[in-house]
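Raw protein-v2.cif, mmCIF, C-alpha atoms:
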```cif
data_query
#
loop_
_atom_site.label_atom_id
_atom_site.label_comp_id
_atom_site.auth_asym_id
_atom_site.auth_seq_id
_atom_site.Cartn_x
_atom_site.Cartn_y
_atom_site.Cartn_z
CA GLN B 1120 0.00 0.00 0.00
CA VAL B 1121 1.35 3.41 -0.98
CA GLN B 1122 1.77 5.82 1.88
CA LEU B 1123 3.29 9.27 2.29
CA VAL B 1124 3.79 10.68 5.76
CA ALA B 1125 4.71 14.34 6.05
CA SER B 1126 6.16 15.89 9.19
CA GLY B 1127 8.27 18.77 10.44
CA GLY B 1128 5.86 21.68 10.32
CA GLY B 1129 5.59 24.21 13.10
CA SER B 1130 5.53 27.87 14.04
CA VAL B 1131 8.53 30.12 13.48
CA GLN B 1132 9.29 33.79 13.22
CA ALA B 1133 10.11 35.43 9.93
CA GLY B 1134 13.67 34.69 8.92
CA GLY B 1135 13.63 31.33 10.63
CA SER B 1136 14.01 27.84 9.20
CA LEU B 1137 12.13 24.56 9.15
CA ARG B 1138 12.79 21.21 7.54
CA LEU B 1139 9.87 19.16 6.33
CA SER B 1140 10.14 15.42 5.80
CA CYS B 1141 8.09 13.08 3.64
CA ALA B 1142 8.56 9.39 4.31
CA ALA B 1143 7.43 7.24 1.39
CA SER B 1144 6.56 3.57 1.35
CA GLY B 1145 5.23 1.18 -1.23
CA TYR B 1146 5.33 2.16 -4.88
CA ALA B 1147 5.60 5.86 -4.03
CA SER B 1148 9.24 5.33 -3.19
CA GLY B 1149 9.90 4.46 -6.83
CA SER B 1150 8.03 7.38 -8.33
CA ALA B 1151 9.25 9.40 -11.28
CA LEU B 1152 8.52 12.64 -9.49
CA MET B 1153 8.22 13.73 -5.86
CA GLY B 1154 6.86 17.13 -5.06
CA TRP B 1155 5.95 19.54 -2.31
CA PHE B 1156 2.83 21.67 -2.56
CA ARG B 1157 1.29 24.19 -0.23
CA GLN B 1158 -2.13 25.68 0.32
CA ALA B 1159 -2.78 28.86 2.24
CA PRO B 1160 -6.25 29.71 3.58
CA GLY B 1161 -8.47 30.95 0.78
CA LYS B 1162 -5.92 30.15 -1.90
CA GLU B 1163 -5.40 27.36 -4.37
CA ARG B 1164 -2.82 24.68 -3.80
CA GLU B 1165 0.46 25.57 -5.50
CA GLY B 1166 3.57 23.65 -6.39
CA VAL B 1167 6.61 24.58 -4.33
CA ALA B 1168 9.36 22.20 -5.43
CA ALA B 1169 9.91 18.86 -7.09
CA ILE B 1170 12.67 16.32 -7.39
CA ASP B 1171 13.36 13.48 -9.80
CA PRO B 1172 14.36 10.66 -7.43
CA GLY B 1173 16.32 8.95 -10.16
CA THR B 1174 18.54 11.85 -11.18
CA GLY B 1175 18.27 14.21 -8.22
CA ASN B 1176 17.28 17.04 -10.53
CA THR B 1177 15.16 19.70 -8.84
CA LEU B 1178 12.73 22.45 -9.75
CA TYR B 1179 11.33 25.31 -7.69
CA ALA B 1180 8.58 27.86 -7.78
CA ASP B 1181 9.94 31.37 -8.30
CA SER B 1182 8.60 32.43 -4.91
CA VAL B 1183 10.90 30.03 -3.05
CA LYS B 1184 14.00 29.91 -5.23
CA GLY B 1185 17.13 30.56 -3.23
CA ARG B 1186 15.33 29.94 0.07
CA PHE B 1187 13.99 26.38 -0.15
CA THR B 1188 15.88 23.23 -1.01
CA ILE B 1189 14.33 19.88 -1.87
CA SER B 1190 16.47 16.81 -1.34
CA GLN B 1191 16.18 13.08 -0.84
CA ASP B 1192 17.65 10.24 1.15
CA ASN B 1193 17.11 7.16 -0.97
CA ALA B 1194 18.19 4.83 1.82
CA LYS B 1195 15.38 6.17 3.98
CA ASN B 1196 12.88 6.68 1.14
CA THR B 1197 12.45 10.20 2.41
CA VAL B 1198 12.19 13.54 0.65
CA TYR B 1199 12.99 16.74 2.51
CA LEU B 1200 12.14 20.38 2.08
CA GLN B 1201 14.59 22.67 3.82
CA MET B 1202 12.98 26.08 4.20
CA ASN B 1203 15.20 29.04 5.12
CA SER B 1204 14.54 32.76 5.38
CA LEU B 1205 10.88 32.03 5.94
CA LYS B 1206 8.36 34.79 5.30
CA PRO B 1207 4.81 35.26 6.60
CA GLU B 1208 3.54 34.53 3.09
CA ASP B 1209 5.03 31.03 3.38
CA THR B 1210 2.34 30.22 5.95
CA ALA B 1211 0.33 27.29 4.60
CA MET B 1212 -0.42 23.62 4.87
CA TYR B 1213 2.37 21.78 3.11
CA TYR B 1214 1.78 18.50 1.29
CA CYS B 1215 4.13 16.03 -0.26
CA ALA B 1216 3.07 14.08 -3.30
CA ALA B 1217 4.30 11.30 -5.55
CA ALA B 1218 3.84 10.86 -9.28
CA PRO B 1219 4.64 7.31 -10.43
CA SER B 1220 4.77 8.45 -14.04
CA GLY B 1221 5.05 12.18 -13.61
CA ARG B 1222 6.13 14.45 -16.42
CA TRP B 1223 8.95 16.78 -15.49
CA TYR B 1224 7.54 19.76 -17.33
CA SER B 1225 4.25 19.42 -15.41
CA TRP B 1226 5.77 19.18 -11.95
CA TYR B 1227 3.66 22.05 -10.62
CA ARG B 1228 0.31 20.55 -11.65
CA GLU B 1229 -1.67 18.83 -8.92
CA ASN B 1230 -3.22 16.32 -11.27
CA GLU B 1231 0.24 15.06 -12.22
CA TYR B 1232 0.49 13.41 -8.79
CA LYS B 1233 -1.30 10.26 -7.77
CA TYR B 1234 -0.43 9.94 -4.09
CA TRP B 1235 -0.59 12.60 -1.40
CA GLY B 1236 0.54 12.89 2.19
CA GLN B 1237 -1.66 14.23 4.95
CA GLY B 1238 -0.13 17.70 5.15
CA THR B 1239 1.90 19.49 7.78
CA GLN B 1240 1.17 23.04 8.91
CA VAL B 1241 3.73 25.81 8.66
CA ALA B 1242 3.05 29.16 10.34
CA VAL B 1243 5.44 32.09 10.00
CA SER B 1244 4.89 35.15 12.13
CA SER B 1245 6.23 38.62 11.41
#
```

Go ahead and render the structure in this file as structure tokens.
Amino acid sequence: QVQLVASGGGSVQAGGSLRLSCAASGYASGSALMGWFRQAPGKEREGVAAIDPGTGNTLYADSVKGRFTISQDNAKNTVYLQMNSLKPEDTAMYYCAAAPSGRWYSWYRENEYKYWGQGTQVAVSS
């Protein structure tokens, strides 16, 4: 059974850091694409970052480039999102997702992903 378990959210002040983790099991661990999305209250879910587990190649939304880093530990079947220089506008529920046959150029599209974690809340205060 495919399962994604996200953790690591919390409350920090602006300028602080958090590291989110997404532990994958089952087929999700062999996916073509792993991504992080976020959804703020009243807003649509948006793609934040993605990684190709096979190559380690990464992509980021413009709003987080230079501040967030997506990485993986293949031995632990875990994908991370290191978030530095956090801003109040980064406040959202963060979700990890897996796309068994994801297309790289569509990494930011929700419907590219088949499996989703439960979400972990990030709150950044000014």

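Taking only C-alpha atoms into account, those protein, DNA and RNA residues with any atom at most 12 Å away from (21.2, 11.9, -8.5) amount to Ile1170, Asp1171, Pro1172, Gly1173, Thr1174, Gly1175, Asn1176, Thr1177, Ser1190, Gln1191, Asp1192 and Asn1193 of chain B.
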
Could you tell me which residues the PyMOL selection byres ((chain B and resi 1138) around 8) returns for this structure, as a ChimeraX atom specification?
/B:1127-1128,1136-1137,1139-1140,1199-1202

Nearest to Leu1205 in chain B, restricted to only C-alpha atoms and choosing among B:Leu1152, B:Ala1133, B:Val1241, B:Val1121, comes out as B:Ala1133

Resolved residues for the PyMOL selection byres ((chain B and resi 1185) around 12) as a PyMOL selection string
chain B and resi 1168+1178-1184+1186-1189+1201-1205

note - CA of Pro1219 in chain B and CA of Ala1142 in chain B are separated by 15.4 Å

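Considering the residues B:Gly1166, B:Gly1221, B:Pro1160, B:Gly1145 and counting only C-alpha atoms, Gln1240 in chain B has its shortest atom-to-atom contact with B:Pro1160.
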
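Among B:Cys1141, B:Ala1194, B:Ala1211, B:Ala1216, the residue with the shortest atom-to-atom distance to Arg1157 in chain B, counting all atoms listed in the file, is B:Ala1211.
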
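Ranking B:Thr1210, B:Asn1230, B:Ser1220, B:Ser1126 by their shortest atom-to-atom distance to Val1243 in chain B, with all atoms listed in the file included, puts B:Thr1210 first.
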
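Of note, CA of Leu1123 in chain B and CA of Gly1161 in chain B are spaced 24.7 Å apart.
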
Which value, in Å to one decimal, gives the distance between CA of Gly1154 in chain B and CA of Ala1217 in chain B?
6.4 Å

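Considering all atoms listed in the file, the residue among B:Gln1132, B:Ser1225, B:Ser1144, B:Ser1150 positioned nearest to Asp1209 in chain B is B:Gln1132.
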
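Among the candidates B:Gly1236, B:Ala1218, B:Val1124, B:Glu1208, the one nearest to Met1153 in chain B when counting all atoms listed in the file is B:Ala1218.
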
Find the spatial neighbours of Phe1156 in chain B, counting only C-alpha atoms, within a cut-off of 9 Å - ignore same-chain residues fewer than 3 positions away - and output them as a VMD selection string.
chain B and resid 1164 to 1169 1212 to 1216 1227 1229

Please produce an output containing C-alpha atoms for each residue in the selection, written as a PDB file, in the frame of the given file.
```pdb
ATOM      1  CA  ARG B1164      -2.820  24.680  -3.800  1.00  0.00           C
ATOM      2  CA  GLU B1165       0.460  25.570  -5.500  1.00  0.00           C
ATOM      3  CA  GLY B1166       3.570  23.650  -6.390  1.00  0.00           C
ATOM      4  CA  VAL B1167       6.610  24.580  -4.330  1.00  0.00           C
ATOM      5  CA  ALA B1168       9.360  22.200  -5.430  1.00  0.00           C
ATOM      6  CA  ALA B1169       9.910  18.860  -7.090  1.00  0.00           C
ATOM      7  CA  MET B1212      -0.420  23.620   4.870  1.00  0.00           C
ATOM      8  CA  TYR B1213       2.370  21.780   3.110  1.00  0.00           C
ATOM      9  CA  TYR B1214       1.780  18.500   1.290  1.00  0.00           C
ATOM     10  CA  CYS B1215       4.130  16.030  -0.260  1.00  0.00           C
ATOM     11  CA  ALA B1216       3.070  14.080  -3.300  1.00  0.00           C
ATOM     12  CA  TYR B1227       3.660  22.050 -10.620  1.00  0.00           C
ATOM     13  CA  GLU B1229      -1.670  18.830  -8.920  1.00  0.00           C
TER      14      GLU B1229
END
```
